[in-house]
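Okay, model.cif is below, mmCIF, C-alpha atoms:
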data_protein
loop_
_atom_site.label_atom_id
_atom_site.label_comp_id
_atom_site.auth_asym_id
_atom_site.auth_seq_id
_atom_site.Cartn_x
_atom_site.Cartn_y
_atom_site.Cartn_z
CA MET A 1 8.38 21.70 -8.51
CA ILE A 2 11.86 22.37 -7.27
CA ARG A 3 14.05 25.08 -8.78
CA VAL A 4 17.72 25.27 -7.92
CA GLU A 5 19.09 28.65 -8.89
CA ASN A 6 22.79 29.53 -9.22
CA LEU A 7 23.64 27.59 -6.12
CA SER A 8 27.19 28.02 -4.78
CA LYS A 9 28.83 26.83 -1.62
CA ASN A 10 32.34 27.58 -0.47
CA TYR A 11 34.08 25.86 2.41
CA GLY A 12 36.79 28.40 3.16
CA THR A 13 38.74 28.67 -0.07
CA VAL A 14 37.38 25.40 -1.44
CA LYS A 15 34.55 25.87 -3.92
CA ALA A 16 32.40 22.80 -3.36
CA VAL A 17 29.51 23.90 -5.57
CA ARG A 18 29.89 26.48 -8.35
CA SER A 19 26.71 28.18 -9.45
CA ILE A 20 24.57 25.22 -10.44
CA SER A 21 20.96 25.46 -11.63
CA PHE A 22 18.37 22.84 -12.49
CA ASP A 23 14.63 22.16 -12.22
CA LEU A 24 12.92 19.07 -10.90
CA THR A 25 9.29 18.10 -11.52
CA GLY A 26 7.12 15.35 -10.09
CA GLY A 27 6.87 11.82 -11.39
CA GLN A 28 10.51 11.30 -12.16
CA VAL A 29 13.53 9.81 -10.51
CA VAL A 30 16.54 12.01 -10.95
CA GLY A 31 20.05 10.72 -10.43
CA PHE A 32 22.76 12.98 -9.20
CA LEU A 33 26.01 11.52 -10.38
CA GLY A 34 29.55 12.55 -9.69
CA ALA A 35 32.89 11.38 -8.41
CA ASN A 36 33.62 11.56 -4.70
CA GLY A 37 33.97 15.18 -3.66
CA ALA A 38 32.17 16.52 -6.74
CA GLY A 39 29.65 18.46 -4.66
CA LYS A 40 26.68 16.06 -4.66
CA SER A 41 26.15 15.82 -0.94
CA THR A 42 26.71 19.54 -0.42
CA THR A 43 23.98 20.33 -2.96
CA LEU A 44 21.60 17.87 -1.32
CA LYS A 45 22.36 19.28 2.14
CA ILE A 46 21.51 22.76 0.92
CA MET A 47 18.33 21.48 -0.71
CA THR A 48 17.17 19.96 2.58
CA GLY A 49 17.91 23.13 4.53
CA TYR A 50 20.67 21.54 6.59
CA ILE A 51 23.31 24.03 5.47
CA SER A 52 22.85 27.39 3.82
CA PRO A 53 24.40 28.22 0.45
CA SER A 54 27.10 30.86 -0.03
CA SER A 55 24.97 32.27 -2.82
CA GLY A 56 21.96 31.23 -4.89
CA ASN A 57 18.75 29.70 -3.64
CA VAL A 58 16.47 26.69 -3.81
CA PHE A 59 12.74 27.18 -4.42
CA TYR A 60 9.99 24.69 -3.72
CA ASN A 61 6.93 25.90 -5.64
CA ASP A 62 8.43 29.41 -5.53
CA ARG A 63 9.01 29.30 -1.78
CA SER A 64 12.61 29.74 -0.76
CA ILE A 65 14.08 27.04 1.50
CA GLN A 66 15.97 29.64 3.49
CA GLU A 67 12.84 31.55 4.47
CA ASN A 68 10.37 28.67 4.86
CA THR A 69 12.72 25.98 6.14
CA SER A 70 10.44 24.11 8.55
CA GLU A 71 7.42 24.41 6.29
CA ILE A 72 9.29 22.93 3.31
CA GLN A 73 11.04 20.28 5.41
CA ARG A 74 7.57 18.86 6.16
CA ASP A 75 7.33 17.76 2.52
CA ILE A 76 10.84 16.35 2.27
CA GLY A 77 12.10 12.93 3.20
CA TYR A 78 15.87 12.91 3.50
CA LEU A 79 18.35 10.09 3.81
CA PRO A 80 21.77 11.56 4.62
CA GLU A 81 24.91 10.08 3.13
CA LEU A 82 26.37 8.63 6.34
CA ASN A 83 22.91 7.62 7.53
CA PRO A 84 23.25 8.68 11.16
CA LEU A 85 20.82 6.96 13.55
CA TYR A 86 20.24 6.92 17.30
CA SER A 87 21.91 3.59 17.86
CA GLU A 88 20.56 3.14 21.41
CA MET A 89 16.93 3.30 20.24
CA ARG A 90 14.80 0.45 19.03
CA VAL A 91 13.70 0.56 15.39
CA HIS A 92 10.03 0.93 16.32
CA ASP A 93 10.75 3.71 18.83
CA TYR A 94 12.94 5.56 16.36
CA LEU A 95 10.30 5.51 13.65
CA LYS A 96 7.71 6.53 16.22
CA PHE A 97 9.90 9.48 17.26
CA ILE A 98 10.34 10.59 13.64
CA SER A 99 6.63 10.25 12.91
CA GLU A 100 5.72 12.25 16.03
CA ILE A 101 7.92 15.14 14.91
CA ARG A 102 6.52 14.73 11.40
CA GLY A 103 3.11 15.26 12.93
CA ILE A 104 1.60 11.90 12.01
CA PRO A 105 -1.41 11.38 14.32
CA SER A 106 -0.75 8.42 16.65
CA GLU A 107 -3.80 6.54 15.36
CA ASN A 108 -2.26 6.61 11.85
CA PHE A 109 1.21 5.63 13.01
CA LYS A 110 0.50 1.92 13.10
CA SER A 111 -0.52 1.77 9.46
CA SER A 112 2.32 3.95 8.20
CA PHE A 113 4.78 1.98 10.34
CA GLN A 114 3.57 -1.30 8.87
CA LYS A 115 3.74 0.14 5.37
CA VAL A 116 7.39 1.25 5.60
CA VAL A 117 8.43 -1.90 7.49
CA GLU A 118 7.00 -3.94 4.66
CA GLU A 119 8.43 -1.78 1.89
CA CYS A 120 11.89 -1.67 3.44
CA ALA A 121 11.74 -5.32 4.60
CA LEU A 122 12.37 -4.50 8.27
CA ASN A 123 10.06 -7.13 9.78
CA ALA A 124 12.90 -9.10 11.33
CA VAL A 125 14.38 -6.12 13.17
CA ALA A 126 11.30 -4.00 13.94
CA HIS A 127 11.80 -4.35 17.69
CA ARG A 128 15.58 -4.66 17.78
CA THR A 129 18.00 -1.99 18.97
CA ILE A 130 19.34 -0.06 15.98
CA GLY A 131 22.97 -0.42 17.13
CA ASN A 132 22.68 -4.21 16.85
CA CYS A 133 21.41 -4.18 13.26
CA SER A 134 23.60 -4.91 10.24
CA LYS A 135 24.66 -2.14 7.87
CA GLY A 136 22.09 -3.16 5.27
CA TYR A 137 19.33 -2.98 7.84
CA LYS A 138 20.55 0.38 9.11
CA GLN A 139 20.46 1.74 5.59
CA ARG A 140 16.88 0.56 5.21
CA ILE A 141 15.94 1.98 8.62
CA GLY A 142 17.22 5.36 7.38
CA LEU A 143 15.17 4.95 4.22
CA ALA A 144 12.08 3.98 6.23
CA ALA A 145 12.53 7.07 8.42
CA ALA A 146 12.80 9.23 5.30
CA MET A 147 9.52 7.99 3.84
CA ILE A 148 7.34 7.27 6.88
CA HIS A 149 5.37 10.49 6.40
CA ASP A 150 4.79 9.76 2.71
CA PRO A 151 6.65 12.91 1.56
CA LYS A 152 6.16 14.59 -1.80
CA ILE A 153 9.90 14.90 -2.24
CA LEU A 154 12.49 12.27 -1.44
CA ILE A 155 16.15 13.20 -1.31
CA LEU A 156 18.34 10.14 -0.97
CA ASP A 157 22.09 10.50 -0.64
CA GLU A 158 23.64 7.23 -1.82
CA PRO A 159 20.68 5.07 -0.81
CA VAL A 160 22.10 1.69 -1.81
CA THR A 161 25.51 1.71 -0.16
CA GLY A 162 25.98 -1.25 2.14
CA LEU A 163 23.21 -3.32 0.61
CA ASP A 164 23.73 -6.74 -0.91
CA PRO A 165 22.78 -7.32 -4.58
CA ASN A 166 19.30 -8.70 -3.79
CA GLN A 167 18.49 -5.78 -1.53
CA ILE A 168 19.80 -3.36 -4.15
CA VAL A 169 17.29 -4.74 -6.65
CA GLU A 170 14.47 -4.41 -4.11
CA ILE A 171 15.37 -0.84 -3.16
CA ARG A 172 15.77 0.05 -6.83
CA GLN A 173 12.24 -1.20 -7.53
CA LEU A 174 10.96 0.68 -4.50
CA ILE A 175 12.60 3.92 -5.65
CA ARG A 176 11.17 3.48 -9.14
CA LYS A 177 7.73 2.91 -7.65
CA LEU A 178 8.01 5.98 -5.45
CA GLY A 179 9.23 7.99 -8.42
CA LYS A 180 5.91 7.54 -10.21
CA GLU A 181 4.15 10.01 -7.96
CA LYS A 182 6.91 11.84 -6.11
CA ILE A 183 10.01 13.79 -6.91
CA VAL A 184 12.89 11.50 -6.11
CA LEU A 185 16.41 12.84 -6.22
CA MET A 186 19.09 10.28 -5.50
CA SER A 187 22.83 10.63 -5.63
CA SER A 188 25.38 7.98 -6.36
CA HIS A 189 28.87 7.56 -7.64
CA ILE A 190 27.98 4.16 -9.00
CA LEU A 191 27.00 4.48 -12.64
CA GLN A 192 25.23 1.18 -13.06
CA GLU A 193 23.05 2.04 -10.11
CA ILE A 194 22.00 5.36 -11.54
CA GLN A 195 21.53 3.95 -15.03
CA ALA A 196 19.25 1.20 -13.75
CA THR A 197 17.11 3.38 -11.52
CA VAL A 198 16.65 6.89 -12.82
CA ASP A 199 14.80 8.68 -15.60
CA ARG A 200 17.14 11.62 -15.74
CA ILE A 201 20.80 11.98 -14.92
CA ILE A 202 22.57 15.10 -13.74
CA ILE A 203 26.33 14.69 -13.82
CA ILE A 204 28.26 17.00 -11.57
CA ASN A 205 31.99 17.45 -11.60
CA GLU A 206 34.01 19.72 -9.36
CA GLY A 207 30.92 21.61 -8.34
CA SER A 208 29.54 22.26 -11.84
CA ILE A 209 26.93 20.44 -13.87
CA VAL A 210 28.59 18.86 -16.89
CA ALA A 211 25.64 16.93 -18.31
CA ASP A 212 21.91 16.76 -17.77
CA GLY A 213 19.48 14.46 -19.55
CA SER A 214 18.08 10.96 -19.79
CA SER A 215 20.64 8.18 -20.05
CA ASP A 216 19.48 7.54 -23.64
CA SER A 217 19.93 11.16 -24.62
CA LEU A 218 23.36 11.25 -23.02
CA LEU A 219 24.31 8.13 -24.93
CA SER A 220 22.95 9.44 -28.22
CA ASP A 221 24.86 12.67 -27.84
CA SER A 222 26.53 13.40 -31.16
CA ASN A 223 29.86 13.67 -29.40
CA ALA A 224 29.57 10.06 -28.35
CA LYS A 225 32.02 7.88 -30.17
CA THR A 226 32.09 4.23 -31.00
CA GLU A 227 35.21 2.26 -30.36
CA LEU A 228 36.31 -0.30 -32.92
CA ASN A 229 38.83 -2.96 -31.97
CA MET A 230 40.56 -4.86 -34.77
CA ASP A 231 43.06 -7.69 -34.90
CA VAL A 232 44.84 -7.69 -38.28
CA GLU A 233 47.70 -9.64 -39.84
CA ASN A 234 50.31 -8.24 -42.23
CA ALA A 235 49.67 -4.63 -41.30
CA GLU A 236 52.50 -2.11 -41.36
CA GLU A 237 52.31 0.60 -38.77
CA ASN A 238 52.75 3.32 -41.40
CA ASP A 239 49.80 1.98 -43.38
CA ILE A 240 47.70 2.00 -40.25
CA ARG A 241 48.64 5.61 -39.52
CA ASP A 242 47.93 6.55 -43.16
CA MET A 243 44.37 5.25 -42.81
CA LYS A 244 43.41 8.60 -41.28
CA ALA A 245 44.29 10.34 -44.59
CA THR A 246 42.02 8.07 -46.62
CA ILE A 247 39.19 7.78 -44.11
CA PRO A 248 39.00 11.12 -42.24
CA SER A 249 36.33 10.08 -39.75
CA VAL A 250 38.55 7.56 -37.98
CA GLU A 251 40.69 8.43 -35.06
CA ILE A 252 43.44 5.98 -34.20
CA ASN A 253 43.54 5.31 -30.52
CA SER A 254 46.30 2.80 -30.17
CA ILE A 255 48.32 0.29 -32.13
CA SER A 256 50.01 -2.60 -30.40
CA LYS A 257 52.02 -5.42 -31.92
CA GLU A 258 51.21 -8.92 -30.77
CA LYS A 259 53.14 -12.04 -31.83
CA SER A 260 51.55 -12.66 -35.21
CA PHE A 261 49.09 -9.82 -35.58
CA THR A 262 48.52 -6.18 -34.72
CA LYS A 263 45.83 -4.87 -32.39
CA ILE A 264 44.32 -1.60 -33.54
CA SER A 265 41.87 0.49 -31.57
CA ILE A 266 39.94 3.09 -33.52
CA LYS A 267 37.31 5.62 -32.53
CA TYR A 268 34.71 7.10 -34.84
CA PRO A 269 31.69 9.37 -34.46
CA LYS A 270 28.46 7.48 -34.09
CA ASN A 271 26.77 9.17 -37.05
CA ASN A 272 29.61 8.49 -39.48
CA ASP A 273 30.24 4.77 -39.71
CA PRO A 274 33.51 4.09 -41.60
CA ARG A 275 33.58 0.29 -41.22
CA ALA A 276 32.97 -0.44 -44.89
CA ASP A 277 35.76 1.94 -45.87
CA ILE A 278 38.09 0.36 -43.34
CA PHE A 279 37.35 -3.04 -44.82
CA LYS A 280 38.09 -1.78 -48.36
CA TYR A 281 41.28 -0.15 -47.15
CA ALA A 282 42.36 -3.43 -45.54
CA VAL A 283 41.71 -5.31 -48.77
CA GLU A 284 43.71 -2.75 -50.72
CA LYS A 285 46.68 -3.05 -48.34
CA GLU A 286 46.30 -6.86 -48.27
CA TRP A 287 45.68 -7.05 -44.52
CA THR A 288 43.95 -10.08 -43.08
CA ILE A 289 41.29 -9.09 -40.63
CA LEU A 290 41.05 -11.63 -37.82
CA GLU A 291 38.56 -9.75 -35.76
CA MET A 292 36.64 -6.49 -35.92
CA VAL A 293 34.43 -5.56 -32.95
CA ALA A 294 32.60 -2.29 -32.46
CA THR A 295 31.79 -1.43 -28.85
CA LYS A 296 29.31 1.32 -28.26
CA GLN A 297 30.29 3.89 -25.78
CA ASN A 298 28.52 3.37 -22.47
CA LEU A 299 27.60 5.80 -19.78
CA GLU A 300 30.83 5.05 -17.98
CA ASP A 301 32.87 6.34 -20.92
CA ILE A 302 30.71 9.44 -21.16
CA PHE A 303 31.16 10.03 -17.46
CA ARG A 304 34.91 9.56 -17.69
CA ASN A 305 35.09 11.81 -20.74
CA LEU A 306 33.09 14.56 -19.09
CA THR A 307 35.03 14.47 -15.87
CA ASN A 308 38.39 14.25 -17.63
CA THR A 309 37.63 17.10 -20.02
CA SER A 310 36.91 19.47 -17.22
CA GLU A 311 40.11 18.40 -15.53
CA ASN A 312 42.00 19.22 -18.72
CA ASN A 313 40.33 22.60 -18.93
CA LYS A 314 41.61 23.62 -15.54
CA MET B 1 5.89 23.23 22.49
CA ASN B 2 4.62 19.83 21.47
CA ASN B 3 7.85 19.22 19.54
CA SER B 4 10.05 20.04 22.52
CA LEU B 5 8.03 17.51 24.51
CA ILE B 6 8.81 14.85 21.89
CA ILE B 7 12.51 15.73 22.08
CA PHE B 8 12.29 15.71 25.89
CA LYS B 9 10.79 12.21 25.94
CA ARG B 10 13.37 10.86 23.51
CA GLU B 11 16.29 12.38 25.42
CA LEU B 12 15.13 11.14 28.78
CA LYS B 13 14.53 7.68 27.39
CA SER B 14 17.96 7.66 25.79
CA PHE B 15 19.54 8.54 29.18
CA PHE B 16 17.96 5.42 30.61
CA ASP B 17 18.60 3.28 27.53
CA SER B 18 22.32 3.67 28.10
CA PRO B 19 24.16 2.97 31.39
CA MET B 20 24.88 6.68 31.74
CA ALA B 21 21.82 7.64 33.78
CA TYR B 22 22.22 4.72 36.19
CA VAL B 23 25.90 5.38 36.76
CA PHE B 24 25.11 9.05 37.33
CA LEU B 25 22.31 8.36 39.81
CA VAL B 26 24.25 5.79 41.81
CA VAL B 27 27.44 7.84 42.00
CA PHE B 28 25.45 10.95 42.89
CA ALA B 29 23.59 9.16 45.70
CA LEU B 30 26.75 7.54 47.06
CA LEU B 31 28.76 10.76 47.03
CA ASN B 32 26.09 12.77 48.78
CA GLY B 33 25.42 9.95 51.23
CA TRP B 34 29.07 9.64 52.09
CA PHE B 35 29.65 13.36 52.59
CA PHE B 36 26.44 13.59 54.61
CA THR B 37 26.98 10.63 56.92
CA THR B 38 30.71 11.09 57.66
CA THR B 39 30.02 14.15 59.82
CA PHE B 40 26.40 13.37 60.67
CA PHE B 41 27.03 11.25 63.76
CA LEU B 42 29.54 13.70 65.26
CA TYR B 43 26.92 16.27 66.15
CA GLY B 44 24.17 14.14 67.55
CA GLN B 45 21.70 16.43 65.81
CA SER B 46 19.09 15.61 63.19
CA ASP B 47 20.28 18.29 60.80
CA LEU B 48 20.20 18.31 56.97
CA ARG B 49 22.48 21.37 56.75
CA THR B 50 25.55 19.34 55.60
CA LEU B 51 23.51 17.81 52.80
CA PHE B 52 22.29 21.19 51.61
CA ASN B 53 25.88 22.36 51.60
CA ILE B 54 27.28 19.43 49.69
CA VAL B 55 24.61 18.90 46.97
CA PRO B 56 25.43 22.12 45.06
CA LEU B 57 29.13 21.20 45.11
CA VAL B 58 28.44 17.74 43.71
CA TYR B 59 26.15 19.33 41.11
CA LEU B 60 29.04 21.56 40.11
CA PHE B 61 30.62 18.52 38.46
CA PHE B 62 27.57 16.49 37.56
CA ILE B 63 25.51 19.10 35.74
CA PRO B 64 28.20 19.91 33.16
CA GLY B 65 28.80 16.18 32.83
CA ILE B 66 25.22 15.66 31.75
CA THR B 67 24.62 18.78 29.71
CA MET B 68 27.85 19.11 27.77
CA GLY B 69 27.03 16.12 25.60
CA LEU B 70 23.47 17.12 24.74
CA ILE B 71 24.28 18.90 21.47
CA SER B 72 27.84 17.73 20.86
CA ARG B 73 26.82 14.08 20.96
CA GLU B 74 24.33 14.77 18.15
CA LYS B 75 27.15 16.35 16.18
CA GLY B 76 29.53 13.51 16.93
CA MET B 77 27.05 10.83 15.86
CA GLY B 78 25.93 12.90 12.89
CA THR B 79 22.30 12.74 14.01
CA ILE B 80 22.25 16.54 14.08
CA GLU B 81 21.70 16.21 10.31
CA ILE B 82 18.55 14.19 11.00
CA ILE B 83 17.01 16.55 13.54
CA SER B 84 18.02 19.69 11.65
CA THR B 85 16.22 18.44 8.55
CA LEU B 86 13.07 17.52 10.45
CA PRO B 87 10.36 20.21 10.55
CA ILE B 88 11.29 21.38 14.03
CA GLU B 89 12.64 24.68 15.30
CA ASP B 90 16.09 24.84 16.92
CA ARG B 91 14.38 26.39 19.92
CA ASP B 92 12.28 23.25 20.47
CA ILE B 93 15.37 21.05 20.30
CA VAL B 94 17.17 23.16 22.92
CA ILE B 95 14.13 23.38 25.23
CA GLY B 96 13.50 19.63 24.97
CA LYS B 97 17.09 18.78 25.75
CA TYR B 98 17.27 21.30 28.59
CA LEU B 99 14.11 19.88 30.20
CA SER B 100 15.43 16.33 29.92
CA ALA B 101 18.62 17.33 31.76
CA VAL B 102 16.57 19.12 34.42
CA ALA B 103 14.45 15.98 34.80
CA LEU B 104 17.47 13.73 35.24
CA ILE B 105 19.01 16.08 37.79
CA SER B 106 15.72 16.26 39.67
CA ILE B 107 15.49 12.49 39.78
CA ALA B 108 19.00 12.49 41.26
CA LEU B 109 17.94 15.04 43.85
CA LEU B 110 15.02 12.81 44.71
CA SER B 111 17.50 10.15 45.87
CA THR B 112 18.63 12.49 48.68
CA SER B 113 15.10 12.45 50.12
CA LEU B 114 16.17 9.14 51.66
CA HIS B 115 18.20 11.14 54.19
CA PHE B 116 15.19 13.27 54.95
CA VAL B 117 13.03 10.21 55.54
CA THR B 118 15.71 8.69 57.82
CA LEU B 119 15.89 11.87 59.85
CA MET B 120 12.13 12.10 60.12
CA SER B 121 11.80 8.58 61.41
CA PHE B 122 14.75 8.47 63.83
CA GLY B 123 15.28 12.05 64.89
CA ASN B 124 13.35 13.74 67.65
CA SER B 125 12.56 17.37 68.34
CA ILE B 126 12.54 18.22 64.63
CA ASP B 127 12.04 21.89 63.90
#

Spit out the file's structure as structure tokens when you get a sec.
Amino acid sequence: MIRVENLSKNYGTVKAVRSISFDLTGGQVVGFLGANGAGKSTTLKIMTGYISPSSGNVFYNDRSIQENTSEIQRDIGYLPELNPLYSEMRVHDYLKFISEIRGIPSENFKSSFQKVVEECALNAVAHRTIGNCSKGYKQRIGLAAAMIHDPKILILDEPVTGLDPNQIVEIRQLIRKLGKEKIVLMSSHILQEIQATVDRIIIINEGSIVADGSSDSLLSDSNAKTELNMDVENAEENDIRDMKATIPSVEINSISKEKSFTKISIKYPKNNDPRADIFKYAVEKEWTILEMVATKQNLEDIFRNLTNTSENNK
Amino acid sequence: MNNSLIIFKRELKSFFDSPMAYVFLVVFALLNGWFFTTTFFLYGQSDLRTLFNIVPLVYLFFIPGITMGLISREKGMGTIEIISTLPIEDRDIVIGKYLSAVALISIALLSTSLHFVTLMSFGNSID
């Protein structure tokens, strides 16, 4: 189990991470989500022992990373964000080098090498120089190096950047498979990626955690709102504005006049559906409803809401 | 200790995987050879003294050339993040890299043994 406790990191006057805490347990894939510069990579770097925090600590089974760095690093597989590699080395030699430092006995290297080459689909480049490989291959070489010693904990900083859609699907499946028995923490700023891969999402914004939960629980949050888009004929703007007085749960987002009809965008809380009332109101005011579409809020909206709110609070 | 040996092997191999080591060895041999032979025939003596005088001076430029990149190149390429997050002590990294530089410099020094062999075979009344 990993426990992150009140972790903070300052770069000069810039507060990259502001006192964040969370727990991770085995058998789940956790997504670390945030805009660029939110503090994701800094947190991951502290968790791998690469940099030390300004305050706070990270515990692996109650052992602090700062005091037992090498010991804990044995159990971690880490793929850094920029995926640095020794470009002059051959793929096989590089993985051999990593596995030697990881303490894999040389008689076991062959089998673990074959395993990661297969899982990361590196067969075609296994004996090529890393510098001559494409970006997608390099990314998978980094991933192979992170998991060659079959670590208990995998920390992947943006693992799917540079991959084409087919490779993304493969890596996603691989991460899900690994997540069944290991702790996998992956970061991304791509929502769809996180949503498709992880069991739990931690959203970080400006160094603080703004949401933490499964994507379903984030979506079913009572604050989540449904957006209703309507095209109506014969609607006066005043009548539309007055709707709020009759039906208190609606919140009028925007009204725009098209040639022959008016476009109305309305928001309402998920647990208080006013569509029937809106219909009755329209009948009463003699509007003609051409279209009425409810779109459920997706993770993207939640993310935008959460990150915007904290900007407003500044 | 074992870990510094792994770093040593990787570093030495990476010297020879890039043109750097070859350029270094050739330039080192040529420079020493040139300085040695320009005055060698003036004396008519089979003496290695000039070589012993010149090698440290050439090293003065070559050793920093080799060693200054050992850590900074890792930082520049970002691979420092890889080796710092591997279960290996900083001490082992430094020792491994130091030994690899010593090895490369020793190989370079080996190239000057050519002058010794020449002297042995053609000189007479060697002390």

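Residue-level contact on chain A: within 8 Å of chain B, counting all atoms listed in the file, the set is Thr48, Gly49, Tyr50, Thr69, Ser70, Glu71, Ile72, Gln73, Arg74, Tyr78, Pro80, Leu82, Pro84, Leu85, Tyr86, Glu88, Met89, Phe97, Glu100, Ile101 and Arg102 of chain A.
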
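Against the coordinates shown, the PyMOL selection byres ((chain B and resi 65) around 12) returns Met20, Ala21, Val23, Phe24, Phe28, Val58, Tyr59, Leu60, Phe61, Phe62, Ile63, Pro64, Ile66, Thr67, Met68, Gly69, Leu70, Ala101, Leu104 and Ile105 of chain B.
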
message = Would you compute the distance between atom CA of Gln192 of chain A and atom CA of Asp212 of chain A? Give it in Å to one decimal.
response = 16.6 Å

The centre and edge lengths of an axis-aligned box containing all atoms of segment 139-147 of chain A present in the file, extended by 5 Å on each side, are to be given in Å to one decimal, as AutoDock Vina command-line options.
--center_x 15.0 --center_y 4.9 --center_z 6.2 --size_x 20.9 --size_y 18.7 --size_z 14.8

ask   = Just so the selection is clear, what residues does the PyMOL selection byres ((chain B and resi 119) around 12) cover here, as a list in words?
value =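 The output of the PyMOL selection byres ((chain B and resi 119) around 12) on this file is Phe36, Thr37, Phe40, Phe41, Gly44, Gln45, Ser46, Asp47, Leu48, Arg49, Leu51, Thr112, Ser113, Leu114, His115, Phe116, Val117, Thr118, Met120, Ser121, Phe122, Gly123, Asn124, Ser125, Ile126 and Asp127 of chain B.
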
Result set, the PyMOL selection byres ((chain A and resi 227) around 6) on current file, as a ChimeraX atom specification = /A:226,228,266-267,294-295

inquiry  = Using all atoms listed in the file and a cutoff of 9 Å, can you tell me which residues are near (23.6, 11.6, -0.3) in the file's coordinates, and write them out as a count of residues only?
reply    = 19

query = Which of these, B:Arg73, B:Pro19, B:Arg91, B:Thr50, has the shortest distance to Trp34 of chain B once you count all atoms listed in the file?
reply =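 Selected residue with least distance to Trp34 of chain B: B:Thr50.
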
Ser100 of chain B: which residues within 7 Å, counting all atoms listed in the file, same-chain residues fewer than 4 positions away excluded, as an mmCIF file with C-alpha atoms, keeping the file's coordinate frame?
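Written out: result-v5.cif:
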data_model
loop_
_atom_site.group_PDB
_atom_site.id
_atom_site.type_symbol
_atom_site.label_atom_id
_atom_site.label_comp_id
_atom_site.auth_asym_id
_atom_site.auth_seq_id
_atom_site.Cartn_x
_atom_site.Cartn_y
_atom_site.Cartn_z
ATOM 1 C CA PHE B 8 12.290 15.710 25.890
ATOM 2 C CA GLU B 11 16.290 12.380 25.420
ATOM 3 C CA LEU B 12 15.130 11.140 28.780
ATOM 4 C CA GLY B 96 13.500 19.630 24.970
ATOM 5 C CA LEU B 104 17.470 13.730 35.240
#

task = For Asp150 of chain A, list every protein, DNA or RNA residue within 12 Å, evaluated using all atoms listed in the file, and leave out those in the same chain fewer than 2 positions away; present the list as a list of chain:residue names.
result =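 Listing them by chain and then by number gives A:Arg74, A:Asp75, A:Ile76, A:Gly77, A:Tyr78, A:Ser99, A:Arg102, A:Gly103, A:Ile104, A:Asn108, A:Phe109, A:Ser111, A:Ser112, A:Phe113, A:Lys115, A:Val116, A:Leu143, A:Ala144, A:Ala145, A:Ala146, A:Met147, A:Ile148, A:Lys152, A:Ile153, A:Leu154, A:Leu178, A:Glu181, A:Lys182, A:Ile183.
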
key: Point-to-point distance in Å for atom CA of Glu300 of chain A and atom CA of Ile255 of chain A   =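 Interatomic distance, atom CA of Ile255 of chain A to atom CA of Glu300 of chain A: 23.0 Å.
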
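Distance check against Asn32 of chain B using all atoms listed in the file: of B:Val55, B:Val102, B:Leu109, B:Ser72, the minimum falls on B:Val55.
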
inquiry  = Every residue with an atom at most 9 Å from (12.8, 0.5, -1.9) (file coordinates; only C-alpha atoms) is what I'm after, so could you write them as a list in words?
reply    = Glu119, Cys120, Ala121, Arg140, Leu143, Ala144, Gln167, Ile168, Val169, Glu170, Ile171, Arg172, Gln173, Leu174, Ile175, Arg176, Lys177 and Leu178 of chain A

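Minimum distance to Asp90 of chain B across B:Ile71, B:Leu110, B:Ala29, B:Leu57 (counting only C-alpha atoms) occurs at B:Ile71.
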
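One distance worth recording is that between atom CA of Leu99 of chain B and atom CA of Thr129 of chain A, which is 24.9 Å.
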
key: Close residues, Leu25 of chain B itself excluded, 8 Å, only C-alpha atoms, min 5 positions apart in chain, as a ChimeraX atom specification   = /B:107-108,111

ask   = Which of these, A:Tyr268, A:Tyr11, A:Phe261, A:Phe303, has the shortest distance to Thr288 of chain A once you count all atoms listed in the file?
value =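 With all atoms listed in the file as the atom set, the closest residue is A:Phe261.
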